[in-house]
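**Student:** My structure is below; once you've seen it, I'll send some questions.
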Amino acid sequence: RGVSLDEETVRSLFSAFASTRLIILQGDDKEKQDKLLVILSEYFGTRACIDVAVDGDGCDLLYVKNDLGEFTLTSAAKLFTENDAQADNKLQTIAINNVQSANVKTLLTQLVRYIDQPHRKAKLFIRKEENAREEAYDLAEGTWILLSLAEGQKVVDVPKYILDIASVVTLKLQSGKKTKTTLSVKKKAVKEEAKEAKTEETQEEAEKTAESATAENVVVETQETQETQGVELAETVVEEEKTPVKQLLYSQFDKLIEYACREHQIDETLWKRVDRLEEYVNGYCAYSIENKQWQRIEKFVSSYLALGGDAENALDTVLAQQIIYGCVSSLCESNKKLDEKFSHTLENIFGSGSITASLKALRDSGKNI
């Protein structure tokens, strides 16, 4: 398909999908990033939806003015208003590129509550014409928002309350070869889904049905082949560029997340390190990790482990994606001067060799704290 991802990028991306509905994408190659989003949409059984934000009137999720200054709906708005876009059991990605950090709040005005509580019913209010009345449309539960900031924009400048519900994923993309790697969760998860199948099929038939429709055919292109606990990876040479993939349904993805959270946890001593970080930052400013944010963090870590990652890297990655930027944002607002460099504090709490991704996120923030 023309895009290649290493296993760590795949693991980080799908763990982010498992934990939050808002993902901020970082990477140097926007062309390959868009190509990846098209591939993901095909795998999810939906069509790709990619908008480009423009300064001024264009920093809106739903509306934009064309070159003639005429009012028009964005691709996202058109998708939301179409009946097939609201179909149950679909994973739909809405990508918006070239976003200014200062415009993120405006862009997500109607979506913040949904992102924070995706299992609650949510509606979008959209007018199809400039002077028309707004109409309410149901927002499908399996909707993910993917933002890509404009060149020169910093993640840390996004409002903190949005950073707290987001995951910041750095995509390491290369030109792909004609290979495929299949990630699949152990058949134990499949059988458990089959047991809960509420149909008139026999248990044996239900298991077969669930097994044929699980994430055993999650296709992503990687550079290596490996077998890991909870994830089976197998490389196969593909003769044609277009490789058929089996669609991943939202209900299947949700079941796999439940399985990961039930079967994969890190030791409590590692969580206590996060508690120490929270206490440290709170000593300089009003900072806390709320319950819903903790739940997202735990989902991320469990999914990361289920996808073959180890506990130390899981903690480092979730720190980098979901905690560090919020900490930096809060500390920059503090009137108190830190006793030492924040990087030194992180190393003292988590260990100098255990937080490579977190320290990179701190450097990328551009803040000297």
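In the structure tokens, chains take letters A, B, ... by order of appearance, with residues numbered from 1 within each chain and ligands from 1 in the order shown.
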List as a PyMOL selection string the protein and nucleic acid residues near segment 60-69 of chain A, meaning an atom at most 9 Å away when only C-alpha atoms are counted, but skip any in the same chain fewer than 3 places from it.

**Tutor:** chain A and resi 51+53-54+56-57+72-78+96+103+106-110+126-127+130

**Student:** Could you save those same residues with C-alpha atoms as an mmCIF file, in the first residue's frame?

**Tutor:**
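To be explicit, this is the file written out as again.cif:
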data_model
loop_
_atom_site.group_PDB
_atom_site.id
_atom_site.type_symbol
_atom_site.label_atom_id
_atom_site.label_comp_id
_atom_site.auth_asym_id
_atom_site.auth_seq_id
_atom_site.Cartn_x
_atom_site.Cartn_y
_atom_site.Cartn_z
ATOM 1 C CA ASP A 51 -10.257 17.890 5.926
ATOM 2 C CA ALA A 53 -8.241 23.515 8.420
ATOM 3 C CA VAL A 54 -7.726 27.067 7.187
ATOM 4 C CA GLY A 56 -9.983 32.460 10.071
ATOM 5 C CA ASP A 57 -13.399 31.203 8.974
ATOM 6 C CA THR A 72 -20.074 24.909 2.207
ATOM 7 C CA LEU A 73 -19.972 21.882 4.482
ATOM 8 C CA THR A 74 -16.689 20.216 5.347
ATOM 9 C CA SER A 75 -16.148 16.556 4.472
ATOM 10 C CA ALA A 76 -16.753 15.735 8.139
ATOM 11 C CA ALA A 77 -20.107 17.558 8.180
ATOM 12 C CA LYS A 78 -21.219 15.796 4.999
ATOM 13 C CA ILE A 96 -8.322 17.323 10.172
ATOM 14 C CA ASN A 103 -8.055 26.917 17.088
ATOM 15 C CA THR A 106 -13.164 26.144 18.608
ATOM 16 C CA LEU A 107 -12.766 23.160 16.325
ATOM 17 C CA LEU A 108 -13.852 20.662 18.975
ATOM 18 C CA THR A 109 -16.597 22.699 20.676
ATOM 19 C CA GLN A 110 -19.367 20.224 19.841
ATOM 20 C CA ILE A 126 -25.531 21.087 11.731
ATOM 21 C CA ARG A 127 -27.110 23.454 9.220
ATOM 22 C CA GLU A 130 -25.753 29.035 5.439
#

**Student:** For atom CA of Lys337 of chain A and atom CA of Val281 of chain A, quote the distance in Å rounded to one decimal.

**Tutor:** 11.6 Å

**Student:** When distances are computed from only C-alpha atoms, which of A:Val155, A:Ala18, A:Leu277, A:Leu25 shows the smallest separation from Cys327 of chain A?

**Tutor:** A:Leu277

**Student:** Excluding Phe17 of chain A and residues on its chain fewer than 4 positions from it, collect all residues at most 12 Å away from it, counting only C-alpha atoms, and give them as a short mmCIF file (atom, residue, chain, number, x, y, z; two decimals) with all heavy atoms, in the first residue's frame.

**Tutor:**
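File written: result02.cif
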data_model
loop_
_atom_site.label_atom_id
_atom_site.label_comp_id
_atom_site.auth_asym_id
_atom_site.auth_seq_id
_atom_site.Cartn_x
_atom_site.Cartn_y
_atom_site.Cartn_z
N VAL A 10 2.85 0.88 15.40
CA VAL A 10 1.56 0.19 15.34
C VAL A 10 0.99 0.02 16.74
O VAL A 10 -0.19 0.29 17.01
CB VAL A 10 1.72 -1.19 14.66
CG1 VAL A 10 0.41 -1.98 14.74
CG2 VAL A 10 2.13 -1.02 13.20
N ARG A 11 1.85 -0.43 17.66
CA ARG A 11 1.42 -0.66 19.04
C ARG A 11 0.93 0.64 19.68
O ARG A 11 -0.12 0.68 20.33
CB ARG A 11 2.60 -1.24 19.82
CG ARG A 11 2.24 -1.86 21.17
CD ARG A 11 3.48 -2.50 21.77
NE ARG A 11 3.88 -3.69 21.05
CZ ARG A 11 5.07 -3.88 20.50
NH1 ARG A 11 6.01 -2.95 20.59
NH2 ARG A 11 5.35 -4.99 19.86
N SER A 12 1.68 1.71 19.49
CA SER A 12 1.31 3.00 20.07
C SER A 12 0.01 3.53 19.48
O SER A 12 -0.85 4.05 20.20
CB SER A 12 2.43 4.03 19.84
OG SER A 12 3.61 3.64 20.48
N LEU A 13 -0.15 3.38 18.16
CA LEU A 13 -1.33 3.91 17.49
C LEU A 13 -2.60 3.19 17.92
O LEU A 13 -3.60 3.82 18.27
CB LEU A 13 -1.15 3.82 15.97
CG LEU A 13 -2.32 4.34 15.12
CD1 LEU A 13 -2.58 5.81 15.39
CD2 LEU A 13 -2.02 4.11 13.63
N ARG A 21 -10.94 8.92 22.08
CA ARG A 21 -11.52 9.23 20.77
C ARG A 21 -10.82 10.41 20.10
O ARG A 21 -11.18 10.77 18.98
CB ARG A 21 -13.01 9.55 20.92
CG ARG A 21 -13.88 8.40 21.38
CD ARG A 21 -13.82 7.24 20.40
NE ARG A 21 -14.88 6.28 20.62
CZ ARG A 21 -14.86 5.29 21.49
NH1 ARG A 21 -13.79 5.14 22.25
NH2 ARG A 21 -15.87 4.45 21.61
N LEU A 22 -9.83 11.00 20.76
CA LEU A 22 -9.10 12.14 20.18
C LEU A 22 -7.62 11.82 20.11
O LEU A 22 -6.97 11.62 21.14
CB LEU A 22 -9.33 13.40 21.01
CG LEU A 22 -8.54 14.64 20.58
CD1 LEU A 22 -8.89 15.05 19.15
CD2 LEU A 22 -8.78 15.81 21.54
N ILE A 23 -7.08 11.80 18.90
CA ILE A 23 -5.67 11.51 18.69
C ILE A 23 -5.03 12.67 17.94
O ILE A 23 -5.54 13.10 16.90
CB ILE A 23 -5.49 10.20 17.91
CG1 ILE A 23 -6.09 9.02 18.70
CG2 ILE A 23 -4.01 9.95 17.61
CD1 ILE A 23 -6.08 7.71 17.94
N ILE A 24 -3.95 13.19 18.49
CA ILE A 24 -3.18 14.23 17.82
C ILE A 24 -1.98 13.56 17.18
O ILE A 24 -1.15 12.96 17.86
CB ILE A 24 -2.73 15.32 18.81
CG1 ILE A 24 -3.96 15.98 19.47
CG2 ILE A 24 -1.89 16.38 18.10
CD1 ILE A 24 -3.62 16.99 20.55
N LEU A 25 -1.92 13.62 15.86
CA LEU A 25 -0.87 12.93 15.11
C LEU A 25 0.31 13.86 14.85
O LEU A 25 0.14 15.03 14.50
CB LEU A 25 -1.41 12.43 13.77
CG LEU A 25 -2.54 11.39 13.84
CD1 LEU A 25 -3.07 11.09 12.45
CD2 LEU A 25 -2.06 10.11 14.52
N LEU A 40 -6.41 2.76 6.90
CA LEU A 40 -7.16 2.46 8.12
C LEU A 40 -8.67 2.50 7.86
O LEU A 40 -9.42 1.65 8.34
CB LEU A 40 -6.80 3.45 9.22
CG LEU A 40 -5.49 3.24 9.96
CD1 LEU A 40 -5.22 4.39 10.91
CD2 LEU A 40 -5.49 1.92 10.72
N LEU A 91 -16.24 1.76 12.77
CA LEU A 91 -15.19 2.63 13.29
C LEU A 91 -14.92 3.68 12.22
O LEU A 91 -14.46 3.35 11.13
CB LEU A 91 -13.90 1.86 13.57
CG LEU A 91 -13.87 0.97 14.82
CD1 LEU A 91 -14.36 -0.43 14.49
CD2 LEU A 91 -12.47 0.91 15.39
N GLN A 92 -15.23 4.92 12.53
CA GLN A 92 -15.08 6.01 11.55
C GLN A 92 -14.04 7.00 12.05
O GLN A 92 -14.10 7.46 13.19
CB GLN A 92 -16.40 6.74 11.35
CG GLN A 92 -16.32 7.95 10.43
CD GLN A 92 -16.03 7.55 8.99
OE1 GLN A 92 -16.80 6.80 8.38
NE2 GLN A 92 -14.92 8.04 8.44
N THR A 93 -13.06 7.32 11.20
CA THR A 93 -12.07 8.33 11.55
C THR A 93 -12.37 9.63 10.81
O THR A 93 -12.68 9.62 9.62
CB THR A 93 -10.65 7.86 11.20
OG1 THR A 93 -10.57 7.54 9.80
CG2 THR A 93 -10.27 6.62 12.01
N ILE A 115 -15.95 13.11 23.31
CA ILE A 115 -14.60 12.56 23.46
C ILE A 115 -14.36 12.12 24.91
O ILE A 115 -13.76 11.08 25.17
CB ILE A 115 -13.55 13.59 23.01
CG1 ILE A 115 -13.68 13.85 21.51
CG2 ILE A 115 -12.14 13.10 23.34
CD1 ILE A 115 -12.90 15.06 21.03
N GLY A 142 -18.61 4.92 17.54
CA GLY A 142 -17.31 4.51 17.03
C GLY A 142 -16.65 5.56 16.16
O GLY A 142 -16.10 5.25 15.11
N THR A 143 -16.69 6.83 16.58
CA THR A 143 -16.10 7.92 15.82
C THR A 143 -14.83 8.41 16.50
O THR A 143 -14.84 8.73 17.69
CB THR A 143 -17.09 9.10 15.68
OG1 THR A 143 -18.29 8.64 15.05
CG2 THR A 143 -16.49 10.21 14.84
N TRP A 144 -13.74 8.47 15.74
CA TRP A 144 -12.46 8.96 16.26
C TRP A 144 -12.07 10.24 15.52
O TRP A 144 -12.22 10.33 14.30
CB TRP A 144 -11.35 7.93 16.07
CG TRP A 144 -11.24 6.94 17.19
CD1 TRP A 144 -10.32 6.95 18.21
CD2 TRP A 144 -12.07 5.78 17.42
NE1 TRP A 144 -10.53 5.88 19.05
CE2 TRP A 144 -11.59 5.15 18.59
CE3 TRP A 144 -13.16 5.24 16.76
CZ2 TRP A 144 -12.17 4.00 19.11
CZ3 TRP A 144 -13.75 4.09 17.27
CH2 TRP A 144 -13.26 3.49 18.43
N ILE A 145 -11.56 11.21 16.26
CA ILE A 145 -11.10 12.47 15.69
C ILE A 145 -9.57 12.47 15.69
O ILE A 145 -8.94 12.27 16.74
CB ILE A 145 -11.62 13.69 16.50
CG1 ILE A 145 -13.12 13.58 16.73
CG2 ILE A 145 -11.25 14.98 15.78
CD1 ILE A 145 -13.96 13.52 15.48
N LEU A 146 -8.98 12.69 14.52
CA LEU A 146 -7.53 12.69 14.38
C LEU A 146 -7.09 14.07 13.92
O LEU A 146 -7.43 14.50 12.81
CB LEU A 146 -7.08 11.63 13.36
CG LEU A 146 -7.65 10.22 13.54
CD1 LEU A 146 -7.15 9.30 12.43
CD2 LEU A 146 -7.27 9.65 14.89
N ALA A 166 -6.81 13.59 25.21
CA ALA A 166 -6.20 13.24 23.93
C ALA A 166 -5.02 12.29 24.11
O ALA A 166 -4.51 12.11 25.22
CB ALA A 166 -5.73 14.49 23.20
N SER A 167 -4.59 11.71 23.00
CA SER A 167 -3.35 10.94 22.97
C SER A 167 -2.52 11.47 21.82
O SER A 167 -3.02 11.62 20.69
CB SER A 167 -3.66 9.44 22.76
OG SER A 167 -2.58 8.64 23.19
N VAL A 168 -1.26 11.78 22.08
CA VAL A 168 -0.38 12.37 21.07
C VAL A 168 0.52 11.27 20.50
O VAL A 168 1.39 10.74 21.20
CB VAL A 168 0.47 13.51 21.67
CG1 VAL A 168 1.34 14.15 20.59
CG2 VAL A 168 -0.41 14.55 22.34
N VAL A 169 0.30 10.92 19.24
CA VAL A 169 1.01 9.79 18.62
C VAL A 169 1.98 10.30 17.57
O VAL A 169 1.60 11.04 16.65
CB VAL A 169 0.01 8.81 17.97
CG1 VAL A 169 0.77 7.65 17.31
CG2 VAL A 169 -0.97 8.29 19.00
N TYR A 250 -16.80 -2.25 15.23
CA TYR A 250 -16.62 -1.55 16.50
C TYR A 250 -16.85 -2.48 17.69
O TYR A 250 -16.11 -2.43 18.67
CB TYR A 250 -17.58 -0.34 16.58
CG TYR A 250 -17.56 0.31 17.94
CD1 TYR A 250 -16.45 1.02 18.38
CD2 TYR A 250 -18.64 0.19 18.80
CE1 TYR A 250 -16.43 1.60 19.63
CE2 TYR A 250 -18.63 0.77 20.06
CZ TYR A 250 -17.53 1.47 20.47
OH TYR A 250 -17.50 2.03 21.72
N PHE A 253 -13.81 -4.55 18.24
CA PHE A 253 -12.73 -3.75 18.82
C PHE A 253 -12.98 -3.50 20.30
O PHE A 253 -12.07 -3.61 21.13
CB PHE A 253 -12.61 -2.43 18.06
CG PHE A 253 -11.41 -1.61 18.43
CD1 PHE A 253 -10.13 -2.14 18.35
CD2 PHE A 253 -11.54 -0.29 18.83
CE1 PHE A 253 -9.02 -1.40 18.68
CE2 PHE A 253 -10.44 0.47 19.16
CZ PHE A 253 -9.18 -0.08 19.07
N ASP A 254 -14.22 -3.20 20.65
CA ASP A 254 -14.58 -2.94 22.05
C ASP A 254 -14.36 -4.18 22.90
O ASP A 254 -13.88 -4.10 24.04
CB ASP A 254 -16.04 -2.49 22.12
CG ASP A 254 -16.33 -1.64 23.35
OD1 ASP A 254 -15.45 -0.87 23.75
OD2 ASP A 254 -17.43 -1.75 23.90
N LEU A 256 -12.19 -6.57 22.31
CA LEU A 256 -10.76 -6.80 22.44
C LEU A 256 -10.16 -5.87 23.50
O LEU A 256 -9.25 -6.26 24.23
CB LEU A 256 -10.07 -6.59 21.09
CG LEU A 256 -10.44 -7.62 20.01
CD1 LEU A 256 -9.84 -7.20 18.67
CD2 LEU A 256 -9.97 -9.00 20.41
N ILE A 257 -10.68 -4.66 23.60
CA ILE A 257 -10.21 -3.74 24.64
C ILE A 257 -10.59 -4.28 26.02
O ILE A 257 -9.78 -4.26 26.96
CB ILE A 257 -10.81 -2.33 24.43
CG1 ILE A 257 -10.33 -1.74 23.10
CG2 ILE A 257 -10.42 -1.41 25.59
CD1 ILE A 257 -11.06 -0.47 22.71
N ARG A 296 -8.56 6.10 30.93
CA ARG A 296 -7.96 6.11 29.59
C ARG A 296 -6.52 5.62 29.65
O ARG A 296 -6.07 4.86 28.78
CB ARG A 296 -8.04 7.52 28.99
CG ARG A 296 -9.43 7.92 28.55
CD ARG A 296 -9.42 9.25 27.81
NE ARG A 296 -9.26 10.37 28.72
CZ ARG A 296 -10.27 11.02 29.29
NH1 ARG A 296 -11.51 10.66 29.04
NH2 ARG A 296 -10.04 12.05 30.08
N ILE A 297 -5.79 6.07 30.66
CA ILE A 297 -4.39 5.65 30.82
C ILE A 297 -4.30 4.14 31.01
O ILE A 297 -3.45 3.47 30.40
CB ILE A 297 -3.76 6.40 32.01
CG1 ILE A 297 -3.62 7.88 31.69
CG2 ILE A 297 -2.41 5.79 32.39
CD1 ILE A 297 -3.26 8.75 32.88
N LYS A 299 -6.48 1.84 30.06
CA LYS A 299 -6.84 1.17 28.81
C LYS A 299 -5.66 1.17 27.85
O LYS A 299 -5.39 0.17 27.16
CB LYS A 299 -8.04 1.87 28.14
CG LYS A 299 -9.38 1.51 28.72
CD LYS A 299 -10.50 2.16 27.91
CE LYS A 299 -11.86 1.78 28.47
NZ LYS A 299 -12.96 2.40 27.67
N PHE A 300 -4.96 2.29 27.78
CA PHE A 300 -3.80 2.38 26.90
C PHE A 300 -2.75 1.34 27.29
O PHE A 300 -2.25 0.59 26.45
CB PHE A 300 -3.19 3.79 26.97
CG PHE A 300 -2.04 4.01 26.02
CD1 PHE A 300 -2.24 4.70 24.83
CD2 PHE A 300 -0.76 3.53 26.31
CE1 PHE A 300 -1.18 4.90 23.95
CE2 PHE A 300 0.29 3.72 25.43
CZ PHE A 300 0.08 4.41 24.25
N VAL A 301 -2.42 1.31 28.57
CA VAL A 301 -1.36 0.40 29.04
C VAL A 301 -1.75 -1.05 28.81
O VAL A 301 -0.94 -1.86 28.33
CB VAL A 301 -1.06 0.67 30.53
CG1 VAL A 301 -0.20 -0.44 31.12
CG2 VAL A 301 -0.37 2.02 30.70
N SER A 303 -3.82 -2.29 26.60
CA SER A 303 -3.80 -2.57 25.16
C SER A 303 -2.38 -2.70 24.65
O SER A 303 -2.07 -3.57 23.83
CB SER A 303 -4.54 -1.46 24.40
OG SER A 303 -5.87 -1.35 24.82
N TYR A 304 -1.50 -1.86 25.15
CA TYR A 304 -0.09 -1.90 24.76
C TYR A 304 0.53 -3.25 25.14
O TYR A 304 1.26 -3.87 24.35
CB TYR A 304 0.64 -0.76 25.44
CG TYR A 304 2.06 -0.52 24.97
CD1 TYR A 304 2.33 0.46 24.03
CD2 TYR A 304 3.12 -1.24 25.50
CE1 TYR A 304 3.63 0.69 23.61
CE2 TYR A 304 4.42 -1.02 25.09
CZ TYR A 304 4.68 -0.04 24.15
OH TYR A 304 5.97 0.19 23.73
N GLN A 321 2.39 10.22 25.66
CA GLN A 321 1.21 10.52 24.85
C GLN A 321 0.10 11.22 25.61
O GLN A 321 -0.63 12.04 25.03
CB GLN A 321 0.65 9.23 24.23
CG GLN A 321 1.54 8.63 23.16
CD GLN A 321 0.81 7.60 22.32
OE1 GLN A 321 -0.42 7.55 22.28
NE2 GLN A 321 1.55 6.75 21.63
#

**Student:** I'd like the interatomic distance between atom CA of Tyr137 of chain A and atom CA of Phe125 of chain A, to a tenth of an Å.

**Tutor:**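 Interatomic distance, atom CA of Tyr137 of chain A to atom CA of Phe125 of chain A: 6.3 Å.
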
**Student:** Would you list the contacts of Ser334 of chain A as a ChimeraX atom specification, taking every protein, DNA or RNA residue within 8 Å and counting only C-alpha atoms, but skipping same-chain residues closer than 4 positions in sequence?

**Tutor:** /A:284-285,330

**Student:** Would you mind telling me which residue in A:Glu134, A:Glu7, A:Asp116, A:Asp364 lies nearest to Tyr161 of chain A when using only C-alpha atoms?

**Tutor:**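 Distance minimum relative to Tyr161 of chain A lands on A:Asp116.
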